[in-house]
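Shown next: input_33.cif, containing mmCIF, C-alpha atoms.
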```cif
data_target
loop_
_atom_site.label_atom_id
_atom_site.label_comp_id
_atom_site.auth_asym_id
_atom_site.auth_seq_id
_atom_site.Cartn_x
_atom_site.Cartn_y
_atom_site.Cartn_z
CA MET A 1 22.78 -14.76 0.57
CA LEU A 2 19.35 -14.41 -1.02
CA PHE A 3 16.24 -14.77 1.16
CA ALA A 4 12.51 -14.07 1.46
CA ASN A 5 12.18 -10.86 3.45
CA GLY A 6 8.57 -11.37 4.50
CA ASP A 7 5.98 -12.45 1.96
CA ARG A 8 6.40 -9.56 -0.50
CA ALA A 9 10.14 -8.95 -0.78
CA ILE A 10 13.34 -10.80 -1.63
CA THR A 11 16.60 -9.47 -0.21
CA GLY A 12 20.10 -10.28 -1.37
CA GLN A 13 22.97 -9.52 0.99
CA PHE A 14 26.37 -9.42 -0.69
CA ASN A 15 29.70 -7.69 -0.26
CA ARG A 16 29.64 -3.95 -0.84
CA ASP A 17 31.49 -4.03 -4.18
CA VAL A 18 28.95 -6.40 -5.66
CA ILE A 19 26.04 -4.25 -4.50
CA ALA A 20 27.71 -1.02 -5.66
CA ASN A 21 28.34 -2.40 -9.17
CA LEU A 22 24.83 -3.79 -9.40
CA GLU A 23 23.24 -0.54 -8.24
CA ASN A 24 25.36 1.46 -10.64
CA ASP A 25 24.29 -0.68 -13.61
CA PHE A 26 20.66 -0.76 -12.44
CA LEU A 27 20.52 3.03 -12.29
CA LYS A 28 21.77 3.17 -15.88
CA ASP A 29 19.45 0.43 -17.10
CA LYS A 30 16.33 -0.39 -15.06
CA SER A 31 15.54 -3.33 -17.34
CA LEU A 32 18.39 -5.21 -15.65
CA ILE A 33 15.91 -6.24 -12.96
CA GLN A 34 12.49 -6.20 -14.49
CA SER A 35 9.45 -8.45 -14.47
CA ASP A 36 5.67 -8.06 -14.53
CA TYR A 37 5.66 -9.07 -10.89
CA ILE A 38 8.36 -6.72 -9.59
CA GLU A 39 6.98 -3.56 -7.99
CA GLY A 40 10.17 -1.91 -6.84
CA VAL A 41 13.89 -2.31 -6.14
CA SER A 42 15.85 -0.70 -3.32
CA PHE A 43 19.50 -0.74 -2.35
CA THR A 44 21.52 -0.27 0.81
CA LYS A 45 25.31 -0.51 0.94
CA ASP A 46 25.00 -4.22 1.73
CA THR A 47 21.70 -5.33 0.26
CA ILE A 48 19.39 -5.29 -2.73
CA THR A 49 15.69 -5.75 -2.01
CA VAL A 50 13.14 -6.56 -4.68
CA PHE A 51 9.45 -6.06 -3.91
CA TYR A 52 6.95 -8.25 -5.77
CA ASP A 53 3.31 -9.25 -5.87
CA PRO A 54 3.15 -12.86 -4.63
CA ILE A 55 -0.56 -13.31 -5.44
CA GLN A 56 0.04 -12.56 -9.13
CA VAL A 57 2.99 -14.94 -9.19
CA MET A 58 0.96 -17.70 -7.55
CA GLU A 59 -2.01 -17.28 -9.87
CA ASN A 60 -0.17 -16.68 -13.14
CA GLU A 61 2.68 -19.12 -12.66
CA ASN A 62 0.60 -21.78 -10.93
CA THR A 63 2.98 -22.08 -8.00
CA ILE A 64 2.61 -22.11 -4.24
CA GLU A 65 6.21 -20.91 -3.83
CA PRO A 66 6.25 -17.43 -5.36
CA SER A 67 9.45 -16.45 -3.55
CA LEU A 68 11.33 -19.31 -5.23
CA TYR A 69 10.02 -18.16 -8.60
CA ILE A 70 11.32 -14.61 -8.08
CA MET A 71 14.61 -15.85 -6.62
CA SER A 72 15.16 -18.11 -9.63
CA ARG A 73 14.90 -15.01 -11.85
CA LEU A 74 17.24 -12.95 -9.68
CA GLU A 75 19.91 -15.54 -9.02
CA PRO A 76 21.53 -15.55 -12.47
CA ILE A 77 21.84 -11.75 -12.40
CA LEU A 78 23.23 -11.63 -8.89
CA ASN A 79 25.58 -14.55 -9.55
CA SER A 80 27.04 -12.82 -12.58
CA TYR A 81 27.96 -9.83 -10.38
CA SER A 82 29.34 -12.02 -7.58
CA GLU A 83 31.57 -13.82 -10.06
CA VAL A 84 32.88 -10.60 -11.58
CA SER A 85 33.82 -9.16 -8.21
CA MET B 1 -17.73 21.38 -2.85
CA SER B 2 -15.58 19.42 -0.48
CA VAL B 3 -15.19 17.70 2.83
CA ILE B 4 -13.89 20.06 5.51
CA ILE B 5 -11.53 18.89 8.24
CA LYS B 6 -13.14 20.49 11.29
CA ASP B 7 -10.69 18.93 13.72
CA SER B 8 -7.61 17.09 12.52
CA GLY B 9 -7.19 15.20 15.81
CA LEU B 10 -3.75 13.68 16.36
CA LEU B 11 -2.92 12.92 12.71
CA THR B 12 -5.22 13.09 9.70
CA ILE B 13 -3.91 12.26 6.26
CA LEU B 14 -5.33 11.46 2.85
CA GLN B 15 -3.71 8.13 2.15
CA THR B 16 -3.62 5.54 -0.61
CA VAL B 17 -4.17 1.87 0.24
CA SER B 18 -0.76 0.76 -1.02
CA LYS B 19 2.50 2.65 -1.49
CA THR B 20 2.01 4.88 -4.53
CA ILE B 21 4.49 7.10 -6.33
CA THR B 22 2.95 10.39 -7.45
CA GLU B 23 4.28 13.52 -9.10
CA ASP B 24 3.40 15.81 -6.20
CA ASN B 25 5.65 15.89 -3.13
CA ASN B 26 3.30 13.95 -0.89
CA ASP B 27 4.19 10.71 0.85
CA TYR B 28 1.74 8.03 -0.18
CA ASN B 29 3.36 5.15 1.67
CA GLY B 30 0.06 3.34 2.06
CA ALA B 31 -2.50 2.89 4.81
CA VAL B 32 -1.02 1.45 7.99
CA ASP B 33 -4.09 -0.82 8.27
CA ASN B 34 -4.60 -1.57 4.59
CA LEU B 35 -7.70 -3.75 4.98
CA SER B 36 -9.99 -1.13 6.56
CA PRO B 37 -9.82 1.43 3.71
CA ARG B 38 -10.61 -1.32 1.22
CA LEU B 39 -13.69 -2.34 3.21
CA ALA B 40 -14.86 1.27 3.58
CA ASN B 41 -14.39 1.84 -0.18
CA LYS B 42 -16.22 -1.37 -1.02
CA LEU B 43 -19.20 -0.31 1.09
CA VAL B 44 -19.61 3.01 -0.75
CA GLY B 45 -19.21 1.47 -4.21
CA ASN B 46 -15.68 2.78 -4.89
CA ASP B 47 -12.71 0.96 -6.32
CA VAL B 48 -11.22 -0.61 -3.18
CA TYR B 49 -7.89 1.15 -3.79
CA GLU B 50 -9.38 4.67 -3.78
CA PRO B 51 -7.56 7.01 -1.30
CA THR B 52 -9.32 7.47 2.04
CA ILE B 53 -8.94 9.80 5.02
CA GLU B 54 -6.76 8.06 7.63
CA MET B 55 -7.23 9.40 11.17
CA SER B 56 -4.80 8.09 13.79
CA GLY B 57 -4.62 8.10 17.58
CA GLN B 58 -7.42 10.46 18.46
CA PRO B 59 -9.55 11.00 15.33
CA GLY B 60 -11.11 14.44 14.95
CA ALA B 61 -14.14 15.57 12.95
CA ILE B 62 -15.13 16.27 9.34
CA GLN B 63 -17.96 18.31 7.87
CA PHE B 64 -19.86 17.49 4.69
CA THR B 65 -20.82 20.31 2.35
CA GLU B 66 -23.23 18.41 0.09
CA PRO B 67 -25.24 15.15 0.23
CA THR B 68 -22.57 12.48 0.59
CA ILE B 69 -22.47 8.71 0.90
CA PHE B 70 -19.72 7.61 3.26
CA ALA B 71 -18.54 4.70 5.38
CA TYR B 72 -15.70 4.34 7.84
CA SER B 73 -13.82 1.28 8.95
CA GLY B 74 -10.96 0.41 11.29
CA GLY B 75 -10.72 1.01 15.04
CA ASP B 76 -13.84 0.79 17.15
CA PHE B 77 -14.20 4.55 17.65
CA ARG B 78 -17.59 5.85 18.71
CA GLY B 79 -18.80 8.02 15.85
CA THR B 80 -21.55 10.62 16.04
CA MET B 81 -23.28 12.76 13.44
CA ASN B 82 -25.75 15.40 14.63
CA ASP B 83 -26.02 13.62 18.01
CA GLU B 84 -26.83 10.31 16.32
CA THR B 85 -24.54 7.32 16.80
CA VAL B 86 -22.62 6.29 13.70
CA GLU B 87 -21.13 2.80 13.52
CA ASN B 88 -18.13 1.59 11.59
CA ASN B 89 -18.49 -0.69 8.56
CA ARG B 90 -21.90 0.66 7.58
CA ILE B 91 -23.16 2.90 4.74
CA TYR B 92 -24.36 6.39 5.74
CA HIS B 93 -25.92 9.32 3.96
CA ALA B 94 -24.79 12.74 5.20
CA ASN B 95 -26.46 16.01 4.32
CA ARG B 96 -24.93 19.43 3.77
CA GLY B 97 -23.57 20.76 7.06
CA ASP B 98 -23.50 17.43 8.88
CA ILE B 99 -20.46 16.88 11.10
CA LEU B 100 -19.03 13.43 11.68
CA SER B 101 -16.93 13.28 14.84
CA PHE B 102 -15.25 10.54 16.83
CA GLY B 103 -14.99 9.82 20.54
CA GLU B 104 -13.09 7.20 22.51
CA SER B 105 -12.11 3.87 21.02
CA ASN B 106 -12.69 0.46 22.59
CA ARG B 107 -10.27 -1.18 20.19
CA GLY B 108 -7.80 0.01 17.57
CA CYS B 109 -6.19 3.35 16.88
CA ARG B 110 -7.09 4.30 13.30
CA VAL B 111 -10.18 4.95 11.22
CA TYR B 112 -10.46 5.21 7.44
CA ILE B 113 -13.24 7.29 5.93
CA ALA B 114 -14.29 6.58 2.35
CA VAL B 115 -16.57 8.86 0.37
CA ALA B 116 -18.55 7.66 -2.68
CA GLY B 117 -16.93 8.98 -5.85
CA GLY B 118 -13.51 9.39 -4.23
CA LEU B 119 -11.37 12.10 -2.63
CA ALA B 120 -8.37 14.17 -3.70
CA ILE B 121 -6.25 17.04 -2.38
CA GLU B 122 -4.59 20.00 -4.03
CA LYS B 123 -1.76 20.58 -1.55
CA SER B 124 -0.29 18.50 1.27
CA ASN B 125 -1.95 15.18 2.06
CA VAL B 126 -1.28 15.81 5.76
CA LEU B 127 -4.51 17.55 6.72
CA LYS B 128 -4.88 20.29 9.32
CA SER B 129 -8.02 21.70 10.90
CA GLY B 130 -9.75 23.90 8.32
CA ASP B 131 -8.29 22.09 5.28
CA GLU B 132 -10.59 21.00 2.50
CA VAL B 133 -10.54 17.64 0.76
CA ILE B 134 -11.94 17.68 -2.75
CA MET B 135 -14.78 15.32 -3.61
CA ARG B 136 -13.77 13.80 -6.95
CA ARG B 137 -17.36 12.81 -7.81
CA ASP B 138 -16.13 10.02 -10.05
CA TYR B 139 -19.55 8.45 -9.89
CA THR B 140 -20.43 5.14 -11.53
CA SER B 141 -23.87 3.62 -12.13
CA LEU B 142 -23.42 1.73 -8.85
CA HIS B 143 -22.91 5.03 -7.02
CA ASP B 144 -26.06 6.40 -8.66
CA GLU B 145 -27.99 3.38 -7.42
CA ILE B 146 -26.56 3.66 -3.91
CA PHE B 147 -27.46 7.37 -3.82
CA HIS B 148 -30.98 6.49 -4.94
CA MET B 149 -31.19 3.72 -2.35
CA MET B 150 -30.09 6.11 0.42
CA MET B 151 -32.23 9.04 -0.70
CA ASN B 152 -34.70 8.76 2.15
CA LYS B 153 -32.59 7.21 4.84
CA ARG B 154 -29.51 8.00 6.90
CA LYS B 155 -28.10 4.49 7.01
CA VAL B 156 -28.62 0.94 5.83
CA SER B 157 -29.82 -1.63 8.34
CA TRP B 158 -26.80 -3.88 7.85
CA GLY B 159 -23.03 -3.58 7.99
CA ILE B 160 -19.96 -5.76 8.19
CA GLY B 161 -20.54 -7.50 11.52
CA VAL B 162 -17.83 -7.74 14.14
CA TYR B 163 -18.05 -11.54 13.86
CA SER B 164 -16.98 -11.28 10.20
CA ILE B 165 -13.70 -9.57 10.94
CA VAL B 166 -13.00 -10.61 14.51
CA GLU B 167 -10.59 -13.33 13.45
CA VAL B 168 -8.37 -11.01 11.46
CA TYR B 169 -8.31 -8.16 14.00
CA LEU B 170 -8.58 -9.49 17.52
CA SER B 171 -5.79 -12.07 17.67
CA ASP B 172 -2.58 -10.89 19.30
CA THR B 173 -0.50 -13.51 17.52
CA TYR B 174 1.73 -12.29 14.72
CA HIS B 175 3.62 -14.43 12.26
CA LEU B 176 7.25 -13.55 11.76
CA VAL B 177 8.95 -14.82 8.61
CA LYS B 178 12.36 -16.06 9.68
CA ARG B 179 15.53 -14.64 8.24
CA PRO B 180 18.52 -16.88 7.47
CA GLY B 181 21.51 -16.32 9.71
CA VAL B 182 19.44 -15.53 12.79
CA PRO B 183 20.01 -18.22 15.49
CA ASN B 184 16.97 -20.39 16.30
CA GLU B 185 17.35 -19.43 19.97
CA VAL B 186 16.31 -15.88 19.02
CA TYR B 187 13.00 -17.17 17.62
CA GLU B 188 12.52 -19.39 20.68
CA GLN B 189 13.06 -16.35 22.91
CA LEU B 190 10.63 -14.28 20.83
CA GLU B 191 7.91 -16.92 21.04
CA GLU B 192 8.40 -17.50 24.74
CA LYS B 193 6.67 -14.42 26.13
CA GLU B 194 4.29 -11.67 25.10
CA TYR B 195 5.56 -8.23 24.13
CA THR B 196 3.81 -4.96 24.89
CA VAL B 197 3.62 -1.97 22.56
CA VAL B 198 5.21 0.94 24.44
CA SER B 199 4.93 3.60 21.77
CA GLU B 200 4.21 4.34 18.15
CA LYS B 201 6.20 6.93 16.25
CA ASN B 202 3.38 8.03 13.97
CA ARG B 203 3.25 5.74 10.92
CA VAL B 204 6.99 5.04 11.34
CA LYS B 205 7.44 2.25 13.87
CA LEU B 206 6.12 0.45 16.92
CA THR B 207 8.48 0.02 19.86
CA LEU B 208 7.96 -3.09 21.97
CA GLU B 209 8.83 -3.95 25.54
CA GLY B 210 9.44 -7.51 26.69
CA GLN B 211 12.12 -10.14 26.64
CA LYS B 212 15.33 -8.48 25.47
CA ILE B 213 17.09 -9.96 22.45
CA GLU B 214 20.87 -10.01 22.61
CA LEU B 215 22.60 -10.05 19.25
CA GLU B 216 26.11 -9.29 18.15
CA GLU B 217 26.19 -5.83 16.57
CA THR B 218 27.23 -5.64 12.93
CA ASP B 219 27.93 -2.84 10.49
CA ILE B 220 25.39 -4.09 7.95
CA GLU B 221 22.96 -1.64 6.39
CA HIS B 222 19.59 -3.35 6.24
CA ALA B 223 16.66 -2.38 4.04
CA GLY B 224 13.76 -0.84 5.96
CA VAL B 225 10.91 -3.11 4.93
CA LEU B 226 7.27 -2.76 5.98
CA GLY B 227 6.69 -5.23 8.81
CA GLY B 228 10.43 -5.67 9.38
CA VAL B 229 11.31 -6.57 12.98
CA TYR B 230 14.55 -4.97 14.12
CA VAL B 231 16.61 -5.08 17.30
CA ASP B 232 17.78 -1.72 18.57
CA ASN B 233 19.69 -1.76 21.88
CA GLU B 234 18.17 -5.17 22.71
CA GLN B 235 14.69 -3.70 22.21
CA LEU B 236 12.34 -4.67 19.36
CA THR B 237 10.88 -2.30 16.81
CA ILE B 238 8.47 -3.11 13.99
CA ALA B 239 8.61 -1.02 10.82
CA LEU B 240 5.41 0.70 9.71
CA ASN B 241 4.79 2.43 6.40
CA ASP B 242 6.97 5.53 6.89
CA PHE B 243 9.99 3.65 8.28
CA GLU B 244 13.38 4.72 6.95
CA ALA B 245 14.58 2.99 3.74
CA VAL B 246 17.93 2.11 5.30
CA THR B 247 18.64 1.09 8.90
CA LYS B 248 21.62 -0.09 10.93
CA GLN B 249 19.30 -1.88 13.38
CA THR B 250 19.65 -5.66 13.18
CA HIS B 251 16.93 -7.27 11.11
CA ILE B 252 15.63 -10.56 12.53
CA GLY B 253 12.52 -11.24 10.45
CA THR B 254 9.45 -9.68 8.88
CA VAL B 255 5.75 -9.69 9.79
CA PRO B 256 3.90 -10.80 6.63
CA SER B 257 1.42 -8.56 4.83
CA TYR B 258 -1.63 -10.54 5.98
CA HIS B 259 -1.00 -9.51 9.61
CA MET B 260 -0.11 -5.87 8.97
CA HIS B 261 -3.68 -4.56 9.12
CA LYS B 262 -4.12 -5.66 12.74
CA LEU B 263 -0.65 -4.39 13.59
CA GLY B 264 -1.81 -1.01 12.26
CA GLN B 265 -4.53 -0.95 14.91
CA LYS B 266 -2.19 -1.61 17.87
CA ARG B 267 -1.71 1.16 20.40
CA PRO B 268 0.43 1.61 23.52
CA GLY B 269 -0.41 -1.16 25.96
CA SER B 270 -1.47 -3.64 23.24
CA LYS B 271 0.01 -7.14 23.42
CA ILE B 272 1.95 -8.89 20.69
CA LYS B 273 2.89 -12.56 20.57
CA PHE B 274 5.21 -13.75 17.84
CA LYS B 275 5.12 -17.05 16.01
CA ALA B 276 8.11 -17.67 13.75
CA VAL B 277 7.18 -19.22 10.40
CA ASP B 278 8.91 -20.24 7.20
CA ILE B 279 8.15 -18.40 3.99
CA ASP B 280 6.23 -21.35 2.50
CA ASP B 281 3.79 -21.34 5.43
CA ALA B 282 3.50 -17.55 5.21
CA HIS B 283 2.53 -17.72 1.53
CA VAL B 284 -0.15 -20.32 2.25
CA GLU B 285 -1.60 -18.05 4.96
CA MET B 286 -1.33 -15.02 2.69
CA TYR B 287 -3.31 -16.74 -0.05
CA LYS B 288 -5.97 -17.89 2.44
CA HIS B 289 -6.27 -14.28 3.61
CA HIS B 290 -6.53 -13.08 0.00
CA LEU B 291 -9.42 -15.50 -0.64
CA TRP B 292 -11.14 -14.45 2.59
CA VAL B 293 -10.98 -10.76 1.57
CA LYS B 294 -12.43 -11.65 -1.84
CA SER B 295 -15.29 -13.54 -0.18
CA LEU B 296 -15.99 -10.51 2.04
CA TYR B 297 -16.14 -8.28 -1.06
CA LYS B 298 -18.62 -10.71 -2.61
CA ALA B 299 -20.75 -10.63 0.53
CA ILE B 300 -20.83 -6.80 0.43
CA ASP B 301 -21.75 -6.86 -3.28
CA TYR B 302 -24.54 -9.29 -2.48
CA LYS B 303 -25.92 -7.20 0.40
CA ILE B 304 -25.86 -4.02 -1.70
CA SER B 305 -27.59 -5.70 -4.66
CA LYS B 306 -30.21 -7.18 -2.33
CA GLU B 307 -30.82 -3.75 -0.86
CA LEU B 308 -31.15 -2.26 -4.35
CA VAL B 309 -33.69 -4.92 -5.39
CA LYS B 310 -35.66 -4.28 -2.19
CA GLU B 311 -35.68 -0.57 -2.99
CA LYS B 312 -37.00 -1.13 -6.51
CA MET B 313 -39.85 -3.41 -5.37
#
```
Just give me the structure as C-alpha cells.
Amino acid sequence: MLFANGDRAITGQFNRDVIANLENDFLKDKSLIQSDYIEGVSFTKDTITVFYDPIQVMENENTIEPSLYIMSRLEPILNSYSEVS
Amino acid sequence: MSVIIKDSGLLTILQTVSKTITEDNNDYNGAVDNLSPRLANKLVGNDVYEPTIEMSGQPGAIQFTEPTIFAYSGGDFRGTMNDETVENNRIYHANRGDILSFGESNRGCRVYIAVAGGLAIEKSNVLKSGDEVIMRRDYTSLHDEIFHMMMNKRKVSWGIGVYSIVEVYLSDTYHLVKRPGVPNEVYEQLEEKEYTVVSEKNRVKLTLEGQKIELEETDIEHAGVLGGVYVDNEQLTIALNDFEAVTKQTHIGTVPSYHMHKLGQKRPGSKIKFKAVDIDDAHVEMYKHHLWVKSLYKAIDYKISKELVKEKM
C-alpha cells in the first residue's frame, strides 16, 4: 500500500521482509531512491516514507498532482521488492 | 559581539526554518511555526531561511550588545524595550544595552526573533539564561540600506498588519489528509465536534481532548511524520517537529504543511476542528498558500523600498 502521508511525504506499507530488504539495499546504495525532489527517506519495520518538495514537483513537472508523480517513480522500485519476496 | 539571553523563559532555542542536518550535535528539526521566522527574516532583509531565536510558552528576554536591526513575529506577546512597547511584525533598531522582553500573550505561544545579518551558536542550540548568540553580520547591501534608514529612528511606521495574516492564523479549522485503510466513520467522528488542546510536550506533540476514537490496535510501526495525527489510548495526538521517528500509535491522517504554522501557535485550551481532505485538495490549498506567502514577501519588499526612497528624498 502506497499513499500520500500529508502533502510532503509518501509512505509505503509492506510486509516486514520487503521493507527489511529494501532498507538493507538502500543503506548500501542511496541512489536506489534518489530524485531532485526527494529530501529524505526513513524506514520503520513496516513502512518506508519518502519526503519530497511538492512545490518543486508542481512547478518543474507542470502537474497539480505531485504525489502521483513521486509515487510513479517509487512504484517500480517497490514492486520489484514485493515480487522478489 | 553577540545577543545575550537574559532570561530563557520556558524554552529558547536557535532554530532553522526547516529540518536541517548539520555536523554539530544540535537538533535542527525546524521551527514549529515555520511561517513566522520567514516573515521576521524578510522584514530585516535576511534570507527567509536564516535561523531565528524561537521562544516558546513564556518567552524571556534578550539583550543587544551593539546597534542591531531586529524584528519578531509569531504569537501576540506584548514586547517591551526600555519601557517602550514593541510590536510584532515590525522593524526595530536596538542600541547597545537595550533589553527586549516579553509579557503575556493574547494569542499564540511562540515568538521568532530575527536579527539582520543572521545568528549562529558555538555550542548547544538550546539556550539558557546567560548564553550568548553570535551575530553573524553577514550583511548585504540591503542590510546597509536598512541600517541607514533606521539610523535615526527606533522603528518604522508600518508592519505586517493583523488583517494580512488573520486568515492563516486565527481559524481553528485544520485539514487532515486522509489515510487509506482508515474507515470513513473515523473521519466523520473527527469532523463532528471540536477538540481541545490539553497539553504540549515541548516541540514534540500536542495532546487533544474530545470525542474518543476507537480503533483496533495493530502491531504496525508507523513513521513519525510532522503533522501526523495518531490515536493513543483512544486519545488524539498531533506530531510536532521533535516527534519520534517511529511510533506504535495508530496513524489516521496528517495535517498538511500549510496549516502547521497555526498549529505551532496553539496552546492548552485552544480549539481544533478537523476537516478531512483528499491529497489532491490539499495540494491545491498548499499551492494557494505558497502563492500567498510569495505575495506577502513582495509586499514587504515594496514597503521597504518605498521607505528607502523616502529616506533618500
Proximal residues of chain A relative to chain B (only C-alpha atoms; 6 Å) as an mmCIF file with C-alpha atoms, keeping the file's coordinate frame:
```
data_model
loop_
_atom_site.group_PDB
_atom_site.id
_atom_site.type_symbol
_atom_site.label_atom_id
_atom_site.label_comp_id
_atom_site.auth_asym_id
_atom_site.auth_seq_id
_atom_site.Cartn_x
_atom_site.Cartn_y
_atom_site.Cartn_z
ATOM 1 C CA GLY A 6 8.570 -11.370 4.500
ATOM 2 C CA ASP A 7 5.980 -12.450 1.960
ATOM 3 C CA THR A 44 21.520 -0.270 0.810
ATOM 4 C CA ASP A 46 25.000 -4.220 1.730
#
```
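Nearest-residue note for Ser73 in chain B: choosing from B:Leu39, B:Leu308, B:Ile121, B:Val168, the minimum distance belongs to B:Leu39, counting only C-alpha atoms.
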(message) Evaluate the PyMOL selection byres ((chain A and resi 63-75) around 12) against this structure - the residues, as JSON, numbers by chain, please.
(response) {"A": [1, 2, 3, 4, 5, 6, 7, 8, 9, 10, 11, 12, 22, 32, 33, 34, 35, 36, 37, 38, 39, 41, 48, 49, 50, 51, 52, 53, 54, 55, 56, 57, 58, 59, 60, 61, 62, 76, 77, 78, 79, 80, 81, 82, 83], "B": [278, 279, 280, 281, 282, 283, 284, 285, 286, 287, 288]}
(request) For CA of Gly9 in chain B and CA of Gly30 in chain B, determine how far apart the two atoms are, in Å to one decimal place. (result)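 We find that CA of Gly9 in chain B and CA of Gly30 in chain B lie 19.6 Å from each other.
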(message) Can you translate the PyMOL selection byres ((chain B and resi 46-57) around 7) into the concrete residues it hits in this file, as a ChimeraX atom specification?
(response) /B:10-17,37-38,41-42,44-45,58-59,109-114,116-119
(message) Show me, as a list in words, the residues that have an atom within 8 Å of Thr65 in chain B when counting all atoms listed in the file, minus same-chain residues fewer than 5 positions from it.
(response)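 Result of the neighbour search: Met1, Ser2, Val3, Ile4, Asn95, Arg96, Gly97 and Asp98 of chain B.
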(message) Can you measure CA of His261 in chain B to CA of Ala61 in chain B for me? One decimal in Å is fine.
(response)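 Rounded to one decimal, the two atoms are 23.0 Å apart.
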(request) Provide the CA of Phe147 in chain B to CA of Ser305 in chain B distance in Å, to one decimal place. (result)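 Going from CA of Phe147 in chain B over to CA of Ser305 in chain B covers 13.1 Å.
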(request) Starting from the point (19.7, -0.9, -11.8), work out which residues of protein, DNA or RNA have an atom no more than 10 Å away when counting all atoms listed in the file; state them as a list in words. (result) Asn21, Leu22, Glu23, Asn24, Asp25, Phe26, Leu27, Lys28, Asp29, Lys30, Ser31, Leu32, Ile33, Gln34, Val41, Ser42 and Phe43 of chain A
(message) Please determine, counting only C-alpha atoms, which residue among B:Gly74, B:Pro67, B:Pro183, B:Gly130 has the shortest atom-to-atom distance to Val162 in chain B.
(response) B:Gly74
(request) For the point (-3.2, -2.3, 9.8) in the file's frame, write as number ranges by chain all residues with an atom no more than 6 Å away, counting all atoms listed in the file. (result) B: 32-34, 260-265
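Nearest to Ser270 in chain B of all the residues B:Glu188, B:Glu66, B:Glu194, B:Glu84 is B:Glu194, based on all atoms listed in the file.
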(message) Starting from the PyMOL selection byres ((chain B and resi 78) around 6), expand the selection into actual residues of this file and give them as a PyMOL selection string.
(response) chain B and resi 77+79+102-103
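The shortest atom-to-atom distance to Gln211 in chain B, with only C-alpha atoms taken into account, belongs to B:Lys273 out of B:Met149, B:Met313, B:Thr250, B:Lys273.
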